[in-house]
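The data block below is final-v1.cif; it holds mmCIF, C-alpha atoms, pLDDT in the B column; chains and numbers go by the auth columns.
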data_coords
#
loop_
_atom_site.group_PDB
_atom_site.id
_atom_site.type_symbol
_atom_site.label_atom_id
_atom_site.label_comp_id
_atom_site.label_asym_id
_atom_site.label_seq_id
_atom_site.Cartn_x
_atom_site.Cartn_y
_atom_site.Cartn_z
_atom_site.B_iso_or_equiv
_atom_site.auth_seq_id
_atom_site.auth_asym_id
ATOM 1 C CA LYS A 1 89.106 109.434 69.283 85.00 187 A
ATOM 2 C CA ILE A 2 86.040 109.564 67.061 87.00 188 A
ATOM 3 C CA THR A 3 82.708 111.330 67.300 89.00 189 A
ATOM 4 C CA ILE A 4 79.739 110.884 64.972 89.00 190 A
ATOM 5 C CA LYS A 5 76.909 113.394 64.990 88.00 191 A
ATOM 6 C CA SER A 6 74.259 113.411 62.239 87.00 192 A
ATOM 7 C CA LYS A 7 76.515 111.760 59.611 88.00 193 A
ATOM 8 C CA ILE A 8 79.456 114.104 60.350 91.00 194 A
ATOM 9 C CA VAL A 9 82.482 112.063 61.401 92.00 195 A
ATOM 10 C CA GLU A 10 85.246 113.772 63.400 92.00 196 A
ATOM 11 C CA VAL A 11 88.475 111.897 64.104 92.00 197 A
ATOM 12 C CA SER A 12 91.305 113.269 66.248 91.00 198 A
ATOM 13 C CA GLY A 13 94.746 111.812 66.905 90.00 199 A
ATOM 14 C CA LYS A 14 98.346 112.773 67.515 91.00 200 A
ATOM 15 C CA HIS A 15 98.718 114.559 64.137 90.00 201 A
ATOM 16 C CA GLY A 16 95.562 116.664 64.406 90.00 202 A
ATOM 17 C CA ALA A 17 91.858 116.342 63.728 92.00 203 A
ATOM 18 C CA LEU A 18 89.917 115.585 60.549 91.00 204 A
ATOM 19 C CA LYS A 19 86.235 116.032 59.785 92.00 205 A
ATOM 20 C CA ARG A 20 84.193 114.429 57.004 91.00 206 A
ATOM 21 C CA ASP A 21 80.567 114.946 56.049 92.00 207 A
ATOM 22 C CA PHE A 22 78.459 111.992 54.816 91.00 208 A
ATOM 23 C CA LYS A 23 75.069 113.743 54.823 91.00 209 A
ATOM 24 C CA HIS A 24 74.591 113.208 51.079 91.00 210 A
ATOM 25 C CA LEU A 25 74.481 109.404 51.514 88.00 211 A
ATOM 26 C CA PRO A 26 71.432 107.388 52.648 89.00 212 A
ATOM 27 C CA ILE A 27 73.317 105.444 55.338 89.00 213 A
ATOM 28 C CA GLU A 28 73.204 105.128 59.094 91.00 214 A
ATOM 29 C CA LEU A 29 76.452 105.729 61.030 90.00 215 A
ATOM 30 C CA TYR A 30 76.823 104.984 64.730 90.00 216 A
ATOM 31 C CA LEU A 31 79.382 103.939 67.332 90.00 217 A
ATOM 32 C CA ALA A 32 79.203 100.492 68.955 88.00 218 A
ATOM 33 C CA ASP A 33 81.093 98.739 71.806 87.00 219 A
ATOM 34 C CA ASN A 34 81.446 101.932 73.894 85.00 220 A
ATOM 35 C CA GLY A 35 82.921 103.910 70.977 80.00 221 A
ATOM 36 C CA LYS A 36 85.385 101.217 69.896 85.00 222 A
ATOM 37 C CA LYS A 37 83.619 100.278 66.626 89.00 223 A
ATOM 38 C CA VAL A 38 82.114 102.370 63.860 89.00 224 A
ATOM 39 C CA CYS A 39 79.072 100.771 62.254 90.00 225 A
ATOM 40 C CA ALA A 40 77.646 101.802 58.892 89.00 226 A
ATOM 41 C CA ARG A 41 74.245 100.439 57.942 89.00 227 A
ATOM 42 C CA MET A 42 71.980 100.714 54.914 90.00 228 A
ATOM 43 C CA TYR A 43 68.510 99.288 54.367 90.00 229 A
ATOM 44 C CA PHE A 44 66.970 97.842 51.189 90.00 230 A
ATOM 45 C CA ALA A 45 69.897 98.657 48.941 85.00 231 A
ATOM 46 C CA LYS A 46 70.767 97.394 45.494 89.00 232 A
ATOM 47 C CA SER A 47 74.329 96.313 44.696 89.00 233 A
ATOM 48 C CA LYS A 48 75.354 99.696 43.260 88.00 234 A
ATOM 49 C CA GLN A 49 74.095 101.446 46.378 87.00 235 A
ATOM 50 C CA LEU A 50 75.810 98.894 48.620 89.00 236 A
ATOM 51 C CA SER A 51 79.131 99.804 47.006 91.00 237 A
ATOM 52 C CA MET A 52 78.978 103.211 48.695 91.00 238 A
ATOM 53 C CA LEU A 53 78.885 101.463 52.083 91.00 239 A
ATOM 54 C CA ARG A 54 82.369 100.052 51.537 91.00 240 A
ATOM 55 C CA THR A 55 83.510 103.478 50.276 92.00 241 A
ATOM 56 C CA VAL A 56 82.331 105.153 53.479 92.00 242 A
ATOM 57 C CA CYS A 57 84.193 102.551 55.557 91.00 243 A
ATOM 58 C CA SER A 58 87.350 103.196 53.522 93.00 244 A
ATOM 59 C CA HIS A 59 87.010 106.965 53.986 93.00 245 A
ATOM 60 C CA ILE A 60 86.682 106.571 57.768 92.00 246 A
ATOM 61 C CA SER A 61 89.654 104.193 57.848 92.00 247 A
ATOM 62 C CA ASN A 62 91.684 106.765 55.839 93.00 248 A
ATOM 63 C CA LEU A 63 90.757 109.424 58.409 92.00 249 A
ATOM 64 C CA PHE A 64 92.163 107.201 61.177 91.00 250 A
ATOM 65 C CA ASP A 65 95.358 106.470 59.243 92.00 251 A
ATOM 66 C CA GLY A 66 95.873 110.166 58.503 92.00 252 A
ATOM 67 C CA VAL A 67 95.638 111.393 62.089 92.00 253 A
ATOM 68 C CA MET A 68 97.741 108.489 63.384 92.00 254 A
ATOM 69 C CA LYS A 69 100.515 108.196 60.766 91.00 255 A
ATOM 70 C CA LYS A 70 100.162 111.000 58.138 91.00 256 A
ATOM 71 C CA TYR A 71 100.209 110.415 54.399 93.00 257 A
ATOM 72 C CA GLU A 72 103.357 110.910 52.336 94.00 258 A
ATOM 73 C CA TYR A 73 103.797 111.157 48.586 94.00 259 A
ATOM 74 C CA ARG A 74 107.294 111.070 47.055 94.00 260 A
ATOM 75 C CA MET A 75 107.799 112.586 43.606 92.00 261 A
ATOM 76 C CA ARG A 76 110.995 112.634 41.542 92.00 262 A
ATOM 77 C CA LEU A 77 112.034 115.449 39.203 90.00 263 A
ATOM 78 C CA VAL A 78 113.026 113.663 35.985 88.00 264 A
ATOM 79 C CA TYR A 79 114.775 115.480 33.129 86.00 265 A
ATOM 80 C CA ALA A 80 117.047 114.711 30.200 86.00 266 A
ATOM 81 C CA HIS A 81 118.874 117.960 29.387 87.00 267 A
ATOM 82 C CA PHE A 82 117.534 120.969 31.270 88.00 268 A
ATOM 83 C CA PRO A 83 117.822 120.398 35.041 89.00 269 A
ATOM 84 C CA ILE A 84 114.545 121.248 36.764 89.00 270 A
ATOM 85 C CA ASN A 85 115.045 123.484 39.784 89.00 271 A
ATOM 86 C CA ALA A 86 112.481 123.182 42.605 90.00 272 A
ATOM 87 C CA THR A 87 112.283 125.807 45.336 90.00 273 A
ATOM 88 C CA ILE A 88 110.123 125.471 48.445 93.00 274 A
ATOM 89 C CA THR A 89 108.777 128.787 49.767 90.00 275 A
ATOM 90 C CA ASN A 90 106.223 130.068 52.297 90.00 276 A
ATOM 91 C CA ASN A 91 107.249 127.576 54.979 91.00 277 A
ATOM 92 C CA GLY A 92 106.527 124.531 52.828 88.00 278 A
ATOM 93 C CA THR A 93 103.164 125.633 51.441 92.00 279 A
ATOM 94 C CA THR A 94 104.364 126.705 47.971 93.00 280 A
ATOM 95 C CA CYS A 95 106.541 124.933 45.426 92.00 281 A
ATOM 96 C CA GLU A 96 108.208 126.807 42.539 92.00 282 A
ATOM 97 C CA LEU A 97 109.476 124.872 39.517 91.00 283 A
ATOM 98 C CA ARG A 98 112.044 126.601 37.301 91.00 284 A
ATOM 99 C CA ASN A 99 113.818 125.648 34.045 89.00 285 A
ATOM 100 C CA PHE A 100 111.285 122.986 32.999 88.00 286 A
ATOM 101 C CA LEU A 101 112.288 122.135 29.382 87.00 287 A
ATOM 102 C CA GLY A 102 114.451 125.262 29.452 86.00 288 A
ATOM 103 C CA GLU A 103 111.449 127.578 29.754 85.00 289 A
ATOM 104 C CA LYS A 104 111.808 130.904 31.522 89.00 290 A
ATOM 105 C CA ARG A 105 108.346 130.662 33.070 90.00 291 A
ATOM 106 C CA VAL A 106 108.241 129.891 36.797 92.00 292 A
ATOM 107 C CA ARG A 107 105.516 127.434 37.760 92.00 293 A
ATOM 108 C CA VAL A 108 104.129 128.281 41.210 94.00 294 A
ATOM 109 C CA ILE A 109 102.099 125.531 42.878 93.00 295 A
ATOM 110 C CA ASN A 110 100.269 126.339 46.112 94.00 296 A
ATOM 111 C CA MET A 111 99.644 123.345 48.343 93.00 297 A
ATOM 112 C CA LEU A 112 96.121 122.752 49.597 93.00 298 A
ATOM 113 C CA PRO A 113 95.446 123.554 53.295 92.00 299 A
ATOM 114 C CA GLY A 114 97.150 121.214 55.763 91.00 300 A
ATOM 115 C CA VAL A 115 99.703 119.927 53.235 92.00 301 A
ATOM 116 C CA LYS A 116 103.462 120.550 53.410 93.00 302 A
ATOM 117 C CA VAL A 117 106.035 120.015 50.679 93.00 303 A
ATOM 118 C CA GLU A 118 109.766 119.667 51.231 92.00 304 A
ATOM 119 C CA LYS A 119 112.843 118.501 49.380 91.00 305 A
ATOM 120 C CA SER A 120 114.117 115.063 50.306 89.00 306 A
ATOM 121 C CA ALA A 121 117.318 115.165 52.352 88.00 307 A
ATOM 122 C CA GLN A 122 118.844 111.879 51.198 89.00 308 A
ATOM 123 C CA THR A 123 117.635 111.669 47.568 88.00 309 A
ATOM 124 C CA LYS A 124 118.524 114.218 44.902 88.00 310 A
ATOM 125 C CA ASP A 125 115.628 115.798 42.942 88.00 311 A
ATOM 126 C CA GLU A 126 112.857 114.360 45.116 92.00 312 A
ATOM 127 C CA LEU A 127 109.851 116.198 46.574 93.00 313 A
ATOM 128 C CA VAL A 128 108.099 114.836 49.666 94.00 314 A
ATOM 129 C CA ILE A 129 104.451 115.888 50.122 94.00 315 A
ATOM 130 C CA THR A 130 102.971 115.148 53.566 94.00 316 A
ATOM 131 C CA GLY A 131 99.579 115.756 55.144 93.00 317 A
ATOM 132 C CA THR A 132 96.904 114.173 57.316 92.00 318 A
ATOM 133 C CA ASP A 133 94.044 114.247 54.788 92.00 319 A
ATOM 134 C CA ILE A 134 94.620 111.757 51.950 93.00 320 A
ATOM 135 C CA ASP A 135 92.419 113.716 49.533 93.00 321 A
ATOM 136 C CA LEU A 136 94.204 117.046 49.990 93.00 322 A
ATOM 137 C CA THR A 137 97.639 115.403 49.992 94.00 323 A
ATOM 138 C CA SER A 138 97.044 113.446 46.787 94.00 324 A
ATOM 139 C CA ARG A 139 95.442 116.459 45.100 94.00 325 A
ATOM 140 C CA SER A 140 98.492 118.588 45.956 94.00 326 A
ATOM 141 C CA ALA A 141 100.744 115.952 44.385 93.00 327 A
ATOM 142 C CA ALA A 142 98.480 115.954 41.329 94.00 328 A
ATOM 143 C CA LEU A 143 98.723 119.770 41.056 94.00 329 A
ATOM 144 C CA ILE A 144 102.523 119.500 40.864 92.00 330 A
ATOM 145 C CA ARG A 145 102.225 116.771 38.244 92.00 331 A
ATOM 146 C CA GLN A 146 99.694 118.701 36.150 92.00 332 A
ATOM 147 C CA SER A 147 101.765 121.887 36.165 90.00 333 A
ATOM 148 C CA CYS A 148 104.483 120.132 34.138 87.00 334 A
ATOM 149 C CA LEU A 149 102.481 118.442 31.405 87.00 335 A
ATOM 150 C CA VAL A 150 104.189 118.536 28.002 85.00 336 A
ATOM 151 C CA LYS A 151 101.870 119.390 25.148 84.00 337 A
ATOM 152 C CA ASN A 152 102.546 119.135 21.398 86.00 338 A
ATOM 153 C CA LYS A 153 106.055 117.724 21.811 82.00 339 A
ATOM 154 C CA ASP A 154 107.401 114.291 20.978 78.00 340 A
ATOM 155 C CA ILE A 155 108.879 113.351 24.368 73.00 341 A
#
Would it be possible to restate this file's structure as structure tokens?
Amino acid sequence: KITIKSKIVEVSGKHGALKRDFKHLPIELYLADNGKKVCARMYFAKSKQLSMLRTVCSHISNLFDGVMKKYEYRMRLVYAHFPINATITNNGTTCELRNFLGEKRVRVINMLPGVKVEKSAQTKDELVITGTDIDLTSRSAALIRQSCLVKNKDI
């Protein structure tokens, strides 16, 4: 189910509801065919401005995919000598990484709202990040990746 009101798109499905604001773009959004089609229209646009039309369509399609299927990112913990220990706390909203390169420091990564992290049941040393919003889910995966960057070492 989708509703569009003054460039604010709300999509709801079996995994929840998502809302996205397109007020900063000079486009026209409306529903056609009794709410079965979403139409995006732009007048007198140059090619660079037309590129944002396709982007808006992709964003709306990602909203539909998220509420219907959910997004899932799988990340592996890779190490050579010191085994990295990942602990999931706060009901899947926080990930703690221990023993990265033998360091004593515990890296605590809080997931963004609506995103859950869990350890994979069948694969060893794998984290599964799931959520309905592709932006928040991919950003949570990026936060885990950025917390373990190696600086000034020849690895």
Please, which residues in range 293-321 of chain A fall within 10 Å of range 196-203 of chain A when counting all atoms listed in the file, and what is the closest atom pair and distance in Å to one decimal for each, ordered by chain then residue number, as a Markdown table?
| residue | atom | partner | partner_atom | distance |
| --- | --- | --- | --- | --- |
| A:Gly300 | CA | A:Gly202 | CA | 9.9 |
| A:Gly317 | CA | A:His201 | CA | 9.1 |
| A:Thr318 | CA | A:His201 | CA | 7.1 |
| A:Asp319 | CA | A:Ala203 | CA | 9.4 |
#### Entry: Hits of the PyMOL selection byres ((chain A and resi 234-247) around 10) in this structure, as a PyMOL selection string
chain A and resi 188+195-197+204-206+208+211-215+224-233+248-252+320-321
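Atom pair CA of Gln308 in chain A / CA of Val264 in chain A: separated by 16.4 Å.
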### Task
Please indicate the distance in Å from CA of Gly278 in chain A to CA of Arg262 in chain A, rounded to one decimal place.
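Here the two named atoms are 17.0 Å from each other.
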### Task
Translate the PyMOL selection byres ((chain A and resi 273) around 9), as applied to the file shown, into an explicit residue set as a PyMOL selection string.
chain A and resi 271-272+274-275+280-284+304-305
### Message
I'd like the interatomic distance between CA of Ile194 in chain A and CA of Asp207 in chain A, to a tenth of an Å.
### Response
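Result for CA of Ile194 in chain A versus CA of Asp207 in chain A: 4.5 Å, one decimal.
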#### Entry: Nearby residues, (109.4, 111.9, 51.0) file frame, 12 Å, only C-alpha atoms, as an MDAnalysis selection string
chainID A and resid 256:262 302:317 327
### Message
List as a ChimeraX atom specification the protein and nucleic acid residues near range 332-335 of chain A, meaning an atom at most 10 Å away when only C-alpha atoms are counted, but skip any in the same chain fewer than 2 places from it.
### Response
/A:283,286-287,293-295,326-330,337
Residues from last step as file, C-alpha atoms, as a compact mmCIF listing (two decimals), in the coordinates of the input:
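This is the output file selection32.txt:
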# COMPACT_ATOMS: atom_id res chain seq x y z
CA LEU A 283 109.48 124.87 39.52
CA PHE A 286 111.28 122.99 33.00
CA LEU A 287 112.29 122.14 29.38
CA ARG A 293 105.52 127.43 37.76
CA VAL A 294 104.13 128.28 41.21
CA ILE A 295 102.10 125.53 42.88
CA SER A 326 98.49 118.59 45.96
CA ALA A 327 100.74 115.95 44.38
CA ALA A 328 98.48 115.95 41.33
CA LEU A 329 98.72 119.77 41.06
CA ILE A 330 102.52 119.50 40.86
CA LYS A 337 101.87 119.39 25.15
Output range 192-215 of chain A as a JSON list (two decimals), keeping the file's coordinate frame, making sure N, CA, C and O atoms are there.
[["chain", "number", "residue", "atom", "x", "y", "z"],
["A", 192, "SER", "N", 75.07, 113.20, 63.44],
["A", 192, "SER", "CA", 74.26, 113.41, 62.24],
["A", 192, "SER", "C", 75.09, 113.30, 60.95],
["A", 192, "SER", "O", 75.18, 114.23, 60.17],
["A", 193, "LYS", "N", 75.72, 112.14, 60.79],
["A", 193, "LYS", "CA", 76.52, 111.76, 59.61],
["A", 193, "LYS", "C", 77.75, 112.62, 59.40],
["A", 193, "LYS", "O", 78.32, 112.63, 58.31],
["A", 194, "ILE", "N", 78.18, 113.37, 60.41],
["A", 194, "ILE", "CA", 79.46, 114.10, 60.35],
["A", 194, "ILE", "C", 80.43, 113.37, 61.25],
["A", 194, "ILE", "O", 80.20, 113.26, 62.46],
["A", 195, "VAL", "N", 81.51, 112.86, 60.67],
["A", 195, "VAL", "CA", 82.48, 112.06, 61.40],
["A", 195, "VAL", "C", 83.69, 112.94, 61.70],
["A", 195, "VAL", "O", 84.26, 113.56, 60.80],
["A", 196, "GLU", "N", 84.06, 113.03, 62.98],
["A", 196, "GLU", "CA", 85.25, 113.77, 63.40],
["A", 196, "GLU", "C", 86.21, 112.81, 64.08],
["A", 196, "GLU", "O", 85.84, 112.11, 65.01],
["A", 197, "VAL", "N", 87.44, 112.78, 63.58],
["A", 197, "VAL", "CA", 88.48, 111.90, 64.10],
["A", 197, "VAL", "C", 89.64, 112.76, 64.56],
["A", 197, "VAL", "O", 90.07, 113.67, 63.84],
["A", 198, "SER", "N", 90.14, 112.52, 65.77],
["A", 198, "SER", "CA", 91.30, 113.27, 66.25],
["A", 198, "SER", "C", 92.36, 112.28, 66.73],
["A", 198, "SER", "O", 92.04, 111.22, 67.26],
["A", 199, "GLY", "N", 93.62, 112.65, 66.52],
["A", 199, "GLY", "CA", 94.75, 111.81, 66.90],
["A", 199, "GLY", "C", 95.96, 112.66, 67.17],
["A", 199, "GLY", "O", 95.86, 113.88, 67.36],
["A", 200, "LYS", "N", 97.14, 112.03, 67.14],
["A", 200, "LYS", "CA", 98.35, 112.77, 67.52],
["A", 200, "LYS", "C", 98.79, 113.77, 66.44],
["A", 200, "LYS", "O", 99.53, 114.69, 66.74],
["A", 201, "HIS", "N", 98.32, 113.62, 65.18],
["A", 201, "HIS", "CA", 98.72, 114.56, 64.14],
["A", 201, "HIS", "C", 97.63, 115.57, 63.81],
["A", 201, "HIS", "O", 97.71, 116.26, 62.80],
["A", 202, "GLY", "N", 96.60, 115.67, 64.64],
["A", 202, "GLY", "CA", 95.56, 116.66, 64.41],
["A", 202, "GLY", "C", 94.18, 116.05, 64.37],
["A", 202, "GLY", "O", 93.96, 114.93, 64.84],
["A", 203, "ALA", "N", 93.25, 116.79, 63.80],
["A", 203, "ALA", "CA", 91.86, 116.34, 63.73],
["A", 203, "ALA", "C", 91.36, 116.50, 62.30],
["A", 203, "ALA", "O", 91.71, 117.45, 61.61],
["A", 204, "LEU", "N", 90.53, 115.55, 61.88],
["A", 204, "LEU", "CA", 89.92, 115.58, 60.55],
["A", 204, "LEU", "C", 88.41, 115.43, 60.69],
["A", 204, "LEU", "O", 87.92, 114.77, 61.60],
["A", 205, "LYS", "N", 87.69, 116.03, 59.73],
["A", 205, "LYS", "CA", 86.24, 116.03, 59.78],
["A", 205, "LYS", "C", 85.73, 115.69, 58.39],
["A", 205, "LYS", "O", 86.25, 116.21, 57.40],
["A", 206, "ARG", "N", 84.74, 114.82, 58.30],
["A", 206, "ARG", "CA", 84.19, 114.43, 57.00],
["A", 206, "ARG", "C", 82.68, 114.37, 57.10],
["A", 206, "ARG", "O", 82.13, 113.87, 58.07],
["A", 207, "ASP", "N", 82.02, 114.86, 56.07],
["A", 207, "ASP", "CA", 80.57, 114.95, 56.05],
["A", 207, "ASP", "C", 80.01, 113.87, 55.11],
["A", 207, "ASP", "O", 80.39, 113.80, 53.95],
["A", 208, "PHE", "N", 79.10, 113.03, 55.63],
["A", 208, "PHE", "CA", 78.46, 111.99, 54.82],
["A", 208, "PHE", "C", 76.96, 112.22, 54.72],
["A", 208, "PHE", "O", 76.20, 111.26, 54.56],
["A", 209, "LYS", "N", 76.51, 113.46, 54.81],
["A", 209, "LYS", "CA", 75.07, 113.74, 54.82],
["A", 209, "LYS", "C", 74.41, 113.46, 53.48],
["A", 209, "LYS", "O", 73.20, 113.28, 53.41],
["A", 210, "HIS", "N", 75.17, 113.42, 52.40],
["A", 210, "HIS", "CA", 74.59, 113.21, 51.08],
["A", 210, "HIS", "C", 74.30, 111.73, 50.80],
["A", 210, "HIS", "O", 73.73, 111.40, 49.77],
["A", 211, "LEU", "N", 74.68, 110.84, 51.73],
["A", 211, "LEU", "CA", 74.48, 109.40, 51.51],
["A", 211, "LEU", "C", 73.35, 108.86, 52.39],
["A", 211, "LEU", "O", 73.24, 109.24, 53.55],
["A", 212, "PRO", "N", 72.54, 107.96, 51.85],
["A", 212, "PRO", "CA", 71.43, 107.39, 52.65],
["A", 212, "PRO", "C", 71.90, 106.21, 53.52],
["A", 212, "PRO", "O", 71.50, 105.08, 53.33],
["A", 213, "ILE", "N", 72.79, 106.49, 54.46],
["A", 213, "ILE", "CA", 73.32, 105.44, 55.34],
["A", 213, "ILE", "C", 73.10, 105.84, 56.79],
["A", 213, "ILE", "O", 72.77, 106.98, 57.09],
["A", 214, "GLU", "N", 73.32, 104.89, 57.66],
["A", 214, "GLU", "CA", 73.20, 105.13, 59.09],
["A", 214, "GLU", "C", 74.58, 104.87, 59.71],
["A", 214, "GLU", "O", 75.13, 103.79, 59.55],
["A", 215, "LEU", "N", 75.14, 105.85, 60.39],
["A", 215, "LEU", "CA", 76.45, 105.73, 61.03],
["A", 215, "LEU", "C", 76.27, 105.83, 62.54],
["A", 215, "LEU", "O", 75.59, 106.74, 63.03]]
